[in-house]
>>> print(open('entry-v8.txt').read())   # compact mmCIF, C-alpha atoms and all ligand atoms
# COMPACT_ATOMS: atom_id res chain seq x y z
CA MET A 29 0.00 0.00 0.00
CA PRO A 30 1.44 3.46 -0.84
CA GLU A 31 2.51 5.48 2.16
CA SER A 32 0.37 8.56 2.86
CA PRO A 33 2.17 11.91 3.33
CA ALA A 34 1.15 11.90 7.02
CA GLN A 35 2.77 8.50 7.69
CA ASP A 36 5.85 9.68 5.85
CA LEU A 37 5.93 12.85 7.95
CA MET A 38 5.68 10.94 11.24
CA LYS A 39 8.96 9.17 10.47
CA HIS A 40 11.55 11.75 11.39
CA LYS A 41 11.66 14.92 9.38
CA SER A 42 10.83 18.50 10.22
CA VAL A 43 9.26 21.55 8.59
CA LEU A 44 11.51 24.42 7.47
CA LEU A 45 10.10 27.96 7.58
CA LEU A 46 12.07 29.99 5.04
CA GLY A 47 11.60 33.56 6.30
CA GLY A 48 10.56 32.06 9.66
CA TYR A 49 11.52 35.11 11.74
CA GLY A 50 9.58 37.56 9.50
CA GLY A 51 6.14 39.01 10.29
CA VAL A 52 4.01 36.11 8.98
CA GLY A 53 6.75 33.57 9.83
CA GLN A 54 6.73 34.37 13.55
CA CYS A 55 2.94 33.98 13.81
CA LEU A 56 2.94 30.73 11.83
CA ALA A 57 5.82 29.24 13.86
CA ARG A 58 3.93 29.85 17.12
CA LEU A 59 0.67 28.45 15.72
CA LEU A 60 2.41 25.29 14.48
CA LEU A 61 4.11 24.70 17.83
CA LYS A 62 0.80 25.22 19.62
CA GLU A 63 -1.42 23.22 17.27
CA THR A 64 0.87 20.30 16.29
CA GLN A 65 3.68 18.12 17.61
CA ILE A 66 6.05 18.78 14.70
CA GLU A 67 9.60 20.04 14.87
CA ILE A 68 10.44 23.21 12.96
CA VAL A 69 13.53 24.89 11.52
CA ILE A 70 13.61 28.71 11.45
CA ALA A 71 15.59 29.90 8.42
CA GLY A 72 16.59 33.16 6.79
CA ARG A 73 19.69 35.00 5.64
CA ARG A 74 20.64 36.21 9.14
CA LYS A 75 21.76 33.30 11.33
CA GLU A 76 21.75 35.40 14.52
CA LYS A 77 18.09 36.39 13.97
CA ALA A 78 17.13 32.76 13.29
CA ASP A 79 19.06 31.55 16.39
CA GLU A 80 17.51 34.22 18.58
CA PHE A 81 13.93 33.47 17.49
CA ALA A 82 14.47 29.68 17.76
CA ALA A 83 15.76 30.15 21.32
CA THR A 84 12.70 32.30 22.19
CA LEU A 85 10.36 29.62 20.83
CA ASN A 86 12.18 26.86 22.74
CA ARG A 87 11.62 28.86 25.94
CA GLU A 88 7.92 29.38 25.11
CA TYR A 89 7.07 25.80 24.02
CA ALA A 90 8.21 22.60 25.72
CA GLY A 91 10.19 19.81 24.05
CA HIS A 92 13.01 21.75 22.35
CA ARG A 93 11.31 21.39 18.95
CA VAL A 94 12.91 24.37 17.19
CA ASN A 95 16.22 24.61 15.34
CA SER A 96 17.67 27.38 13.17
CA ARG A 97 19.54 27.54 9.89
CA CYS A 98 21.12 30.21 7.70
CA VAL A 99 19.60 29.95 4.21
CA ASP A 100 19.77 32.43 1.34
CA ALA A 101 17.02 31.83 -1.23
CA SER A 102 19.15 33.39 -3.96
CA ASP A 103 21.73 30.58 -3.57
CA TYR A 104 20.44 27.38 -5.22
CA THR A 105 23.13 25.09 -3.77
CA CYS A 106 22.43 26.45 -0.30
CA LEU A 107 18.67 25.81 -0.77
CA VAL A 108 19.13 22.17 -1.82
CA ALA A 109 21.51 21.49 1.10
CA ALA A 110 19.12 23.19 3.57
CA PHE A 111 16.10 21.18 2.36
CA GLU A 112 17.79 17.76 2.38
CA ASP A 113 16.62 16.55 5.82
CA VAL A 114 13.30 18.40 5.67
CA GLN A 115 9.81 17.02 4.95
CA LEU A 116 8.17 20.33 4.01
CA VAL A 117 9.48 23.79 3.19
CA ILE A 118 7.17 26.75 3.83
CA VAL A 119 8.15 29.85 1.85
CA LEU A 120 7.44 33.03 3.84
CA THR A 121 10.06 35.26 2.19
CA THR A 122 9.57 38.44 0.19
CA THR A 123 11.25 36.90 -2.87
CA PRO A 124 8.63 36.24 -5.59
CA ASN A 125 11.40 36.42 -8.23
CA LEU A 126 13.13 33.38 -6.67
CA ILE A 127 10.12 31.13 -6.43
CA LYS A 128 10.95 28.80 -9.34
CA GLN A 129 14.40 28.15 -7.92
CA ILE A 130 13.07 27.51 -4.40
CA ALA A 131 10.46 25.06 -5.73
CA GLN A 132 13.05 23.35 -7.95
CA ALA A 133 15.36 22.94 -4.95
CA ALA A 134 12.49 21.42 -2.92
CA LEU A 135 11.90 18.92 -5.72
CA VAL A 136 15.59 18.01 -5.97
CA ALA A 137 15.78 17.58 -2.19
CA ASP A 138 12.56 15.51 -2.41
CA CYS A 139 10.45 17.48 0.04
CA ASP A 140 6.97 19.05 -0.05
CA TYR A 141 6.46 22.79 -0.63
CA LEU A 142 4.06 25.55 0.38
CA ASP A 143 4.11 29.28 -0.40
CA ILE A 144 2.00 32.31 0.54
CA LEU A 145 2.83 34.35 -2.55
CA VAL A 146 0.45 37.03 -3.73
CA GLY A 147 1.51 37.36 -7.42
CA GLU A 148 -1.02 36.42 -10.08
CA ASN A 149 1.41 34.27 -12.08
CA THR A 150 2.63 32.06 -9.25
CA PHE A 151 0.66 28.94 -10.23
CA GLN A 152 1.64 29.35 -13.90
CA ASP A 153 5.31 29.75 -12.92
CA LEU A 154 5.28 26.49 -10.97
CA GLU A 155 3.12 24.48 -13.38
CA PRO A 156 6.05 23.19 -15.51
CA LEU A 157 7.20 21.26 -12.40
CA ASN A 158 3.84 19.56 -11.89
CA SER A 159 4.52 16.29 -13.69
CA SER A 160 7.76 15.78 -11.69
CA ILE A 161 5.95 16.72 -8.46
CA LYS A 162 3.31 14.07 -9.15
CA GLN A 163 5.89 11.50 -10.23
CA GLN A 164 7.78 12.00 -6.95
CA LYS A 165 4.46 11.87 -5.03
CA ARG A 166 5.13 15.23 -3.45
CA ILE A 167 2.59 17.86 -2.38
CA PHE A 168 3.22 21.43 -3.58
CA ILE A 169 0.72 24.04 -2.40
CA THR A 170 0.81 27.57 -3.74
CA GLN A 171 -0.92 30.84 -2.82
CA ALA A 172 -1.87 29.97 0.75
CA GLY A 173 -2.86 32.66 3.25
CA PHE A 174 -5.92 34.89 3.04
CA HIS A 175 -5.21 37.03 -0.01
CA PRO A 176 -4.86 34.81 -1.96
CA GLY A 177 -5.88 31.63 -0.15
CA LEU A 178 -9.37 32.38 1.17
CA PRO A 179 -11.42 33.77 -1.82
CA ALA A 180 -12.09 30.33 -3.36
CA VAL A 181 -12.55 28.83 0.13
CA PHE A 182 -15.26 31.38 1.00
CA ILE A 183 -17.05 30.87 -2.34
CA ARG A 184 -16.99 27.09 -1.89
CA TYR A 185 -18.12 27.31 1.75
CA ALA A 186 -21.20 29.42 0.94
CA ALA A 187 -22.49 26.85 -1.58
CA GLN A 188 -24.06 24.77 1.22
CA TYR A 189 -26.59 27.59 1.93
CA PHE A 190 -28.27 27.40 -1.50
CA ASP A 191 -30.13 25.01 -3.81
CA THR A 192 -29.15 27.36 -6.65
CA TYR A 193 -26.05 29.48 -6.04
CA GLU A 194 -26.18 32.70 -8.12
CA LYS A 195 -23.75 35.31 -6.87
CA ALA A 196 -20.60 35.44 -4.73
CA ILE A 197 -18.88 38.77 -4.08
CA ILE A 198 -15.64 38.51 -2.12
CA ALA A 199 -14.56 41.73 -0.42
CA MET A 200 -11.72 42.54 1.93
CA ALA A 201 -10.50 45.54 3.86
CA MET A 202 -7.14 45.62 5.61
CA ASN A 203 -5.44 48.17 7.80
CA ALA A 204 -1.97 47.15 8.95
CA ARG A 205 1.43 48.73 9.52
CA PHE A 206 4.61 47.75 7.69
CA GLU A 207 7.78 47.34 9.76
CA ARG A 208 10.03 47.10 6.71
CA ALA A 209 9.60 48.40 3.16
CA GLU A 210 10.51 44.94 1.70
CA GLN A 211 7.24 43.57 3.09
CA ALA A 212 5.42 45.55 0.37
CA VAL A 213 7.51 44.32 -2.59
CA GLU A 214 4.77 42.00 -3.87
CA ILE A 215 2.02 44.60 -3.35
CA ILE A 216 3.96 47.20 -5.37
CA SER A 217 4.32 44.88 -8.36
CA LEU A 218 0.60 44.01 -8.15
CA ILE A 219 -0.29 47.73 -8.14
CA ALA A 220 2.12 48.42 -11.02
CA GLU A 221 0.61 45.66 -13.14
CA PHE A 222 -2.94 46.36 -11.97
CA LYS A 223 -5.41 44.00 -13.62
CA ALA A 224 -9.02 43.49 -12.64
CA GLU A 225 -11.63 40.99 -13.76
CA VAL A 226 -15.27 40.39 -12.91
CA TYR A 227 -17.60 37.59 -13.97
CA LYS A 228 -20.98 38.86 -15.15
CA ALA A 229 -23.66 37.53 -17.54
CA GLY A 230 -21.83 34.29 -18.24
CA ALA A 231 -18.33 35.59 -18.96
CA TRP A 232 -15.15 36.92 -17.40
CA ARG A 233 -14.25 40.40 -18.57
CA ASN A 234 -11.71 43.06 -17.70
CA ALA A 235 -12.89 45.61 -15.15
CA THR A 236 -11.79 49.09 -14.11
CA TYR A 237 -11.75 50.93 -10.78
CA GLN A 238 -14.99 52.61 -11.89
CA GLU A 239 -16.78 49.34 -11.20
CA ALA A 240 -16.21 49.78 -7.46
CA LEU A 241 -18.92 48.51 -5.11
CA THR A 242 -20.03 49.96 -1.78
CA ILE A 243 -20.14 47.19 0.80
CA ASP A 244 -20.79 47.11 4.53
CA MET A 245 -17.46 45.85 5.91
CA GLY A 246 -18.64 45.52 9.52
CA SER A 247 -18.46 47.82 12.53
CA LYS A 248 -14.69 48.54 12.41
CA PHE A 249 -14.53 49.68 8.76
CA GLY A 250 -18.17 50.62 8.10
CA SER A 251 -19.65 50.96 4.64
CA MET A 252 -16.87 51.53 2.12
CA GLN A 253 -15.89 51.43 -1.55
CA VAL A 254 -14.08 48.31 -2.71
CA PHE A 255 -12.40 47.90 -6.11
CA PRO A 256 -12.24 44.82 -8.37
CA ILE A 257 -8.95 42.94 -8.75
CA GLN A 258 -7.82 39.78 -10.49
CA MET A 259 -7.68 36.56 -8.48
CA PRO A 260 -6.81 33.42 -10.50
CA GLU A 261 -8.03 31.01 -7.81
CA ILE A 262 -11.69 31.98 -8.37
CA LYS A 263 -11.52 31.67 -12.17
CA SER A 264 -13.10 28.19 -12.17
CA MET A 265 -15.79 29.02 -9.58
CA PRO A 266 -18.57 30.20 -11.99
CA GLU A 267 -18.39 26.89 -13.83
CA MET A 268 -18.15 24.87 -10.62
CA PHE A 269 -21.30 26.43 -9.11
CA SER A 270 -23.13 27.86 -12.17
CA LEU A 271 -22.76 31.38 -10.75
CA ASN A 272 -24.09 34.42 -12.65
CA GLU A 273 -21.77 36.87 -10.95
CA THR A 274 -18.54 36.80 -8.97
CA GLY A 275 -15.38 38.80 -8.33
CA VAL A 276 -12.86 39.80 -5.69
CA TYR A 277 -12.88 43.40 -4.43
CA VAL A 278 -10.42 45.19 -2.14
CA SER A 279 -10.51 48.45 -0.23
CA GLY A 280 -7.95 51.20 -0.76
CA PHE A 281 -5.44 52.22 1.95
CA ASN A 282 -5.90 55.95 2.67
CA TRP A 283 -6.20 59.24 0.69
CA PHE A 284 -2.42 59.73 0.43
CA VAL A 285 -1.64 56.23 -0.86
CA ASP A 286 -4.72 55.87 -3.10
CA TYR A 287 -4.62 59.31 -4.77
CA LEU A 288 -0.89 60.15 -4.73
CA VAL A 289 1.24 57.03 -4.38
CA PHE A 290 -0.78 54.73 -6.68
CA PRO A 291 -0.67 57.20 -9.64
CA ILE A 292 3.09 57.69 -9.12
CA ILE A 293 3.57 53.89 -9.21
CA TRP A 294 1.41 53.51 -12.34
CA VAL A 295 3.10 56.32 -14.27
CA SER A 296 6.68 55.44 -13.28
CA GLN A 297 6.24 51.74 -14.02
CA LYS A 298 4.69 52.57 -17.41
CA ILE A 299 7.74 54.65 -18.28
CA ARG A 300 10.14 51.93 -17.15
CA LYS A 301 9.16 48.65 -15.47
CA GLY A 302 11.13 48.03 -12.27
CA TRP A 303 12.28 51.67 -12.09
CA ALA A 304 12.86 53.09 -8.57
CA THR A 305 11.04 50.21 -6.88
CA GLY A 306 13.13 50.70 -3.71
CA PHE A 307 11.94 54.32 -3.44
CA LEU A 308 8.34 53.35 -4.32
CA THR A 309 8.13 50.65 -1.64
CA GLN A 310 9.52 53.16 0.91
CA LEU A 311 6.99 55.80 -0.16
CA PHE A 312 4.11 53.30 -0.11
CA THR A 313 4.91 51.89 3.35
CA TRP A 314 5.51 55.40 4.77
CA GLY A 315 2.14 56.52 3.32
CA VAL A 316 0.33 53.49 4.80
CA ASN A 317 2.01 53.85 8.21
CA THR A 318 1.50 57.63 8.41
CA PHE A 319 -1.99 58.28 7.04
CA SER A 320 -4.03 55.13 7.82
CA SER A 321 -6.65 55.15 10.56
CA PRO A 322 -5.49 53.93 13.99
CA TYR A 323 -7.66 50.77 13.90
CA GLN A 324 -5.66 47.81 12.60
CA GLY A 325 -7.12 44.57 11.34
CA VAL A 326 -8.65 42.65 8.47
CA VAL A 327 -12.25 42.03 7.43
CA PHE A 328 -12.85 39.41 4.76
CA LEU A 329 -16.30 38.43 3.51
CA ASN A 330 -18.45 36.72 0.91
CA GLU A 331 -21.78 38.38 0.08
CA ALA A 332 -23.54 35.48 -1.55
CA GLU A 333 -27.00 35.16 -3.13
CA GLY A 334 -29.06 32.31 -4.43
CA ILE A 335 -32.25 30.31 -4.04
CA LYS A 336 -33.10 28.10 -1.06
CA ASP A 337 -36.45 26.27 -0.74
CA ASN A 338 -37.78 28.32 -3.68
CA LYS A 339 -37.01 31.59 -1.90
CA LYS A 340 -34.36 34.22 -2.56
CA GLN A 341 -31.63 33.89 0.07
CA ARG A 342 -28.77 36.26 0.93
CA VAL A 343 -25.84 35.10 3.08
CA ARG A 344 -22.91 37.13 4.39
CA ILE A 345 -19.97 35.09 5.67
CA ILE A 346 -17.60 37.39 7.54
CA ALA A 347 -14.17 36.72 9.08
CA GLU A 348 -12.30 39.32 11.15
CA HIS A 349 -9.12 39.68 13.16
CA ASP A 350 -7.24 42.66 14.61
CA ASP A 351 -3.86 41.31 13.49
CA ALA A 352 -3.14 41.05 9.75
CA TYR A 353 -0.17 38.68 10.30
CA LEU A 354 -2.36 36.29 12.26
CA PHE A 355 -5.10 36.63 9.66
CA THR A 356 -2.52 35.34 7.15
CA ALA A 357 -0.98 32.65 9.36
CA ILE A 358 -4.21 31.11 10.72
CA PRO A 359 -5.52 29.84 7.31
CA VAL A 360 -2.04 28.42 6.60
CA ALA A 361 -1.89 26.61 9.96
CA ALA A 362 -5.43 25.27 9.42
CA LEU A 363 -4.43 24.05 5.96
CA LEU A 364 -1.32 22.39 7.42
CA LYS A 365 -3.46 20.43 9.88
CA GLN A 366 -5.05 18.79 6.82
CA TYR A 367 -1.59 18.24 5.32
CA PHE A 368 -0.32 16.52 8.49
CA LYS A 369 -3.38 14.26 8.51
CA GLY A 370 -2.45 13.15 4.99
CA CYS A 371 -5.68 14.49 3.43
CA LEU A 372 -4.16 16.58 0.61
CA PRO A 373 -3.51 15.31 -2.93
CA PHE A 374 -0.12 14.83 -4.54
CA GLY A 375 0.83 17.37 -7.22
CA LEU A 376 0.69 21.17 -7.46
CA GLY A 377 -2.47 22.72 -6.02
CA LEU A 378 -3.87 26.08 -5.00
CA MET A 379 -4.79 26.24 -1.32
CA GLY A 380 -8.27 27.54 -2.23
CA HIS A 381 -8.98 24.45 -4.35
CA ILE A 382 -7.57 21.54 -2.35
CA VAL A 383 -8.68 22.11 1.25
CA ASP A 384 -11.75 20.67 2.93
CA VAL A 385 -13.60 23.95 3.51
CA ASN A 386 -15.77 22.91 6.47
CA GLU A 387 -12.77 21.56 8.37
CA LEU A 388 -10.76 24.67 7.49
CA PHE A 389 -13.49 26.98 8.81
CA SER A 390 -13.77 25.00 12.02
CA ASP A 391 -9.99 25.03 12.61
CA MET A 392 -9.64 28.74 11.71
CA GLU A 393 -12.31 29.56 14.27
CA LYS A 394 -10.59 27.46 16.95
CA MET A 395 -7.34 29.29 16.21
CA GLY A 396 -8.94 32.69 16.82
CA LEU A 397 -10.52 34.03 13.59
CA HIS A 398 -13.85 35.66 14.41
CA ILE A 399 -16.25 34.15 11.86
CA ARG A 400 -19.98 34.76 11.60
CA VAL A 401 -22.67 33.89 9.10
CA GLU A 402 -25.58 36.28 8.58
CA GLU A 403 -28.55 34.76 6.73
CA GLN A 404 -31.06 37.28 5.34
N1 LIG A 501 -1.16 35.17 0.91
C1 LIG A 501 -1.39 36.08 1.85
O1 LIG A 501 -2.49 36.18 2.37
C2 LIG A 501 -0.30 37.01 2.30
C3 LIG A 501 -0.57 37.94 3.32
C4 LIG A 501 0.46 38.73 3.80
C5 LIG A 501 1.73 38.64 3.24
N2 LIG A 501 1.94 37.76 2.21
C6 LIG A 501 3.29 37.66 1.61
O2 LIG A 501 4.12 37.03 2.57
C7 LIG A 501 5.47 37.41 2.36
C8 LIG A 501 6.14 37.68 3.71
O3 LIG A 501 5.59 38.83 4.30
P1 LIG A 501 6.11 39.36 5.73
O4 LIG A 501 5.31 40.56 6.03
O5 LIG A 501 6.17 38.24 6.71
O6 LIG A 501 7.62 39.81 5.33
P2 LIG A 501 8.88 40.05 6.31
O7 LIG A 501 8.41 40.37 7.69
O8 LIG A 501 9.77 41.00 5.61
O9 LIG A 501 9.58 38.62 6.36
C9 LIG A 501 10.31 38.10 5.27
C10 LIG A 501 11.28 37.06 5.79
O10 LIG A 501 11.97 36.50 4.66
C11 LIG A 501 13.38 36.54 4.89
N3 LIG A 501 14.07 36.68 3.60
C12 LIG A 501 14.00 37.72 2.72
N4 LIG A 501 14.77 37.49 1.64
C13 LIG A 501 15.33 36.26 1.83
C14 LIG A 501 16.22 35.45 1.08
N5 LIG A 501 16.71 35.87 -0.11
N6 LIG A 501 16.57 34.24 1.57
C15 LIG A 501 16.09 33.81 2.75
N7 LIG A 501 15.24 34.52 3.51
C16 LIG A 501 14.88 35.73 3.06
C17 LIG A 501 13.60 37.74 5.82
O11 LIG A 501 14.78 37.61 6.60
P3 LIG A 501 16.22 38.16 6.08
O12 LIG A 501 15.96 39.44 5.34
O13 LIG A 501 17.01 38.33 7.34
O14 LIG A 501 16.77 37.07 5.21
C18 LIG A 501 12.35 37.62 6.72
O15 LIG A 501 12.57 36.68 7.74
C19 LIG A 501 5.41 38.62 1.42
O16 LIG A 501 5.88 38.22 0.13
C20 LIG A 501 3.95 39.00 1.36
O17 LIG A 501 3.57 39.54 0.10
C21 LIG A 501 0.97 36.95 1.76
>>> encode(input="entry-v8.txt", output="C-alpha cells")
Amino acid sequence: MPESPAQDLMKHKSVLLLGGYGGVGQCLARLLLKETQIEIVIAGRRKEKADEFAATLNREYAGHRVNSRCVDASDYTCLVAAFEDVQLVIVLTTTPNLIKQIAQAALVADCDYLDILVGENTFQDLEPLNSSIKQQKRIFITQAGFHPGLPAVFIRYAAQYFDTYEKAIIAMAMNARFERAEQAVEIISLIAEFKAEVYKAGAWRNATYQEALTIDMGSKFGSMQVFPIQMPEIKSMPEMFSLNETGVYVSGFNWFVDYLVFPIIWVSQKIRKGWATGFLTQLFTWGVNTFSSPYQGVVFLNEAEGIKDNKKQRVRIIAEHDDAYLFTAIPVAALLKQYFKGCLPFGLGLMGHIVDVNELFSDMEKMGLHIRVEEQ
C-alpha cells in the first residue's frame, strides 16, 4: 500500500520555515508549535536572527522542537543542502522572483512545498514542475494565506446555503502597519501591473476601478468602496457552481496612498518597469504607516445570493481579526493540519482548491478568527 504523506511525515523529518523570523513567519511558527507536535527549523539570511527566534520559541514551548539555519534563497546550492533533511518547506520570504528556484530545490531535495505568494502568475510559474511533483508523489501548495488563499474557500463554503447558487462577491478591507519596506515588494508589483476581472452575464471580462462597489465591511470599517482585482483562484468558480456573478474586491489604503502614491507607481512603471522600486516601496509603506486610521485589522467576507427552498436567500460570511499577520498565518496553519493528517492530494495545487472547507473553517475559528454567518 502506498505510504500517505502523514505516515511519511511521522517518520523523522521537520518543517523548514524559510523567512521564519519575519512578520508572517513568527505567527505561523507559534501556531504550528501550539497546534501540532512537529519540529520546525527557522531559516533566513541572518543566522543570529534565526538563532535568537528559535531560542525564544524553545523557551515558550516545551520539548526543544525548534532549530535554526542560515539559508539564502538566492543561492540554489544552499537551498538544496538546507532542504535535504526536511519534509516540508514553507516559503514566507519576500522573494517572488526566486520562487521557481526555491520550488526546484524542494523537488531536488525531495520534500513538499508551500508558499504564501500574492503574485497572479505564481501557479503558472510552478506548473512546468507539476509532472515531476506528481511522479515524486510530493505535495506542492501555492498561494496559501488569506489574499490569496481564502477567496475560493469562501465561495466554496457558501455553496451549502443554496439550492441554486447565483452570486458570490468577495470583499476585503485591511489596515496594517509595515515594519520594513521589503514587506510591500509583492504589493507594489501588483499595483504596477494592476489588472481586474469580474464575472458577469456568463463571462469573465476586464474591469476598471470605476466598477467599485459599496459594501458594509462591519463595525470597524463601516460601509466603504471596494475595487475589483484579479484573483486566479476563483476563475473556475462560476463553472463549478453555475454562478451568474462573482469577483474579488479590495478596499484602498488611505487618501495619500490611493490618490498620490498609486498614480506615481502607475506612471513610473509605465515609463520603465522596475524603475525606482526601492523608493516606491519606501513611499508606499511610509504613506500606509502615516496616514491610515489607527484601527488595525482585516475584514474578509463573501456576500452570496441564491435560491433556497424556492425563496431568494442572501448570506454574508464574515471573518475578522485585529492582526493582519495572524489573519494570514491562521488559514495556513489550518491548511497544514489537513496536510499533516495526509488528506491533501499529490501534485501542485492552489490552497483555495484543495482544502476541505468545512474543516478549514472549524480550525480557523478554533485558532482565533472571528467568523460569523448572517442569513437574510
Ligand atoms: N497570501 C497572503 O495572504 C499574504 C498575506 C500577507 C503577506 N503575504 C506575503 O508574505 C510574504 C512575507 O511577508 P512578511 O510581512 O512576513 O515579510 P517580512 O516580515 O519582511 O519577512 C520576510 C522574511 O523573509 C526573509 N528573507 C528575505 N529574503 C530572503 C532570502 N533571499 N533568503 C532567505 N530569507 C529571506 C527575511 O529575513 P532576512 O531578510 O534576514 O533574510 C524575513 O525573515 C510577502 O511576500 C507577502 O507579500 C501573503
>>> residues_around(input="entry-v8.txt", residues="stretch 198-205 of chain A", least_positions_apart="5", cutoff="8 Å", atoms="only C-alpha atoms", output="PyMOL selection string")
chain A and resi 179+182-183+243+245+249+254+274-281+313+316-317+320-321+323-331+351-352
>>> closest_residue(input="entry-v8.txt", among="A:Thr356, A:Asn338, A:Thr192, A:Gln238", to="ligand LIG 501 (chain A)", atoms="all atoms listed in the file")
A:Thr356
>>> closest_atom_pairs(input="entry-v8.txt", of="stretch 167-245 of chain A", to="stretch 298-308 of chain A", cutoff="9 Å", atoms="only C-alpha atoms", output="CSV")
residue,atom,partner,partner_atom,distance
A:Ala209,CA,A:Gly306,CA,8.1
A:Glu210,CA,A:Gly306,CA,8.3
A:Val213,CA,A:Thr305,CA,8.1
A:Ile216,CA,A:Leu308,CA,7.6
A:Ser217,CA,A:Gly302,CA,8.5
A:Ala220,CA,A:Lys298,CA,8.0
>>> atom_distance(input="entry-v8.txt", atom1="atom CA of A:Ala134", atom2="atom CA of A:Gln171")
16.4 Å
>>> residues_around(input="entry-v8.txt", residues="A:Ala71", least_positions_apart="6", cutoff="12 Å", atoms="only C-alpha atoms", output="ChimeraX atom specification")
/A:43-50,53-54,57,77-82,94-101,106-107,110-111,117-121
>>> closest_residue(input="entry-v8.txt", among="A:Leu241, A:Phe190, A:Lys369, A:Leu288", to="A:Asp337", atoms="all atoms listed in the file")
A:Phe190
>>> closest_residue(input="entry-v8.txt", among="A:Arg87, A:His175, A:Lys165, A:His92", to="ligand LIG 501 (chain A)", atoms="all atoms listed in the file")
A:His175
>>> residues_around(input="entry-v8.txt", residues="A:Glu225", least_positions_apart="2", cutoff="10 Å", atoms="only C-alpha atoms", output="PyMOL selection string")
chain A and resi 223+227-228+232-236+256-260+263+274-277
>>> closest_residue(input="entry-v8.txt", among="A:Lys75, A:His349, A:Arg344, A:Lys394", to="A:Tyr189", atoms="all atoms listed in the file")
A:Arg344
>>> residues_around(input="entry-v8.txt", residues="A:Lys336", least_positions_apart="4", cutoff="12 Å", atoms="only C-alpha atoms", output="MDAnalysis selection string")
chainID A and resid 187:194 340:343 403:404
>>> atom_distance(input="entry-v8.txt", atom1="atom CA of A:Phe389", atom2="atom CA of A:Leu60")
17.0 Å
>>> residues_near_point(input="entry-v8.txt", point="(6.8, 22.2, -0.6)", cutoff="8 Å", atoms="all atoms listed in the file", output="MDAnalysis selection string")
chainID A and resid 116:118 131 134:135 139:143 166:169
>>> write_last_selection(input="entry-v8.txt", atoms="C-alpha atoms", output="mmCIF file, keeping the file's coordinate frame")
data_model
loop_
_atom_site.group_PDB
_atom_site.id
_atom_site.type_symbol
_atom_site.label_atom_id
_atom_site.label_comp_id
_atom_site.auth_asym_id
_atom_site.auth_seq_id
_atom_site.Cartn_x
_atom_site.Cartn_y
_atom_site.Cartn_z
ATOM 1 C CA LEU A 116 8.170 20.330 4.010
ATOM 2 C CA VAL A 117 9.480 23.790 3.190
ATOM 3 C CA ILE A 118 7.170 26.750 3.830
ATOM 4 C CA ALA A 131 10.460 25.060 -5.730
ATOM 5 C CA ALA A 134 12.490 21.420 -2.920
ATOM 6 C CA LEU A 135 11.900 18.920 -5.720
ATOM 7 C CA CYS A 139 10.450 17.480 0.040
ATOM 8 C CA ASP A 140 6.970 19.050 -0.050
ATOM 9 C CA TYR A 141 6.460 22.790 -0.630
ATOM 10 C CA LEU A 142 4.060 25.550 0.380
ATOM 11 C CA ASP A 143 4.110 29.280 -0.400
ATOM 12 C CA ARG A 166 5.130 15.230 -3.450
ATOM 13 C CA ILE A 167 2.590 17.860 -2.380
ATOM 14 C CA PHE A 168 3.220 21.430 -3.580
ATOM 15 C CA ILE A 169 0.720 24.040 -2.400
#
>>> closest_residue(input="entry-v8.txt", among="A:Phe284, A:Ile161, A:Glu76, A:Asp384", to="A:Ala362", atoms="only C-alpha atoms")
A:Asp384
>>> residues_around(input="entry-v8.txt", residues="A:Ala172", least_positions_apart="6", cutoff="8 Å", atoms="all atoms listed in the file", output="ChimeraX atom specification")
/A:142-145,178,359-360,378-380
>>> closest_residue(input="entry-v8.txt", among="A:Tyr89, A:Ala332, A:Val383, A:Gln253", to="A:Ala186", atoms="only C-alpha atoms")
A:Ala332
>>> atom_distance(input="entry-v8.txt", atom1="atom O3 of ligand LIG 501 (chain A)", atom2="atom CA of A:Arg74")
16.0 Å
>>> decode(input="entry-v8.txt", residues="stretch 360-367 of chain A", atoms="N, CA, C and O atoms", output="mmCIF file, in the first residue's frame")
data_model
loop_
_atom_site.group_PDB
_atom_site.id
_atom_site.type_symbol
_atom_site.label_atom_id
_atom_site.label_comp_id
_atom_site.auth_asym_id
_atom_site.auth_seq_id
_atom_site.Cartn_x
_atom_site.Cartn_y
_atom_site.Cartn_z
ATOM 1 N N VAL A 360 -3.149 29.305 6.977
ATOM 2 C CA VAL A 360 -2.039 28.416 6.598
ATOM 3 C C VAL A 360 -1.904 27.291 7.627
ATOM 4 O O VAL A 360 -1.746 26.111 7.271
ATOM 5 N N ALA A 361 -1.993 27.642 8.916
ATOM 6 C CA ALA A 361 -1.891 26.613 9.960
ATOM 7 C C ALA A 361 -3.064 25.635 9.863
ATOM 8 O O ALA A 361 -2.879 24.417 10.038
ATOM 9 N N ALA A 362 -4.261 26.149 9.560
ATOM 10 C CA ALA A 362 -5.433 25.268 9.425
ATOM 11 C C ALA A 362 -5.266 24.336 8.221
ATOM 12 O O ALA A 362 -5.605 23.150 8.283
ATOM 13 N N LEU A 363 -4.722 24.872 7.149
ATOM 14 C CA LEU A 363 -4.427 24.050 5.960
ATOM 15 C C LEU A 363 -3.397 22.973 6.315
ATOM 16 O O LEU A 363 -3.520 21.810 5.920
ATOM 17 N N LEU A 364 -2.379 23.341 7.083
ATOM 18 C CA LEU A 364 -1.320 22.388 7.419
ATOM 19 C C LEU A 364 -1.837 21.258 8.309
ATOM 20 O O LEU A 364 -1.333 20.142 8.249
ATOM 21 N N LYS A 365 -2.866 21.518 9.087
ATOM 22 C CA LYS A 365 -3.455 20.433 9.879
ATOM 23 C C LYS A 365 -3.984 19.336 8.942
ATOM 24 O O LYS A 365 -3.856 18.150 9.216
ATOM 25 N N GLN A 366 -4.559 19.763 7.809
ATOM 26 C CA GLN A 366 -5.047 18.786 6.823
ATOM 27 C C GLN A 366 -3.871 18.088 6.149
ATOM 28 O O GLN A 366 -3.917 16.900 5.850
ATOM 29 N N TYR A 367 -2.794 18.836 5.916
ATOM 30 C CA TYR A 367 -1.588 18.244 5.319
ATOM 31 C C TYR A 367 -1.021 17.164 6.251
ATOM 32 O O TYR A 367 -0.714 16.055 5.824
#
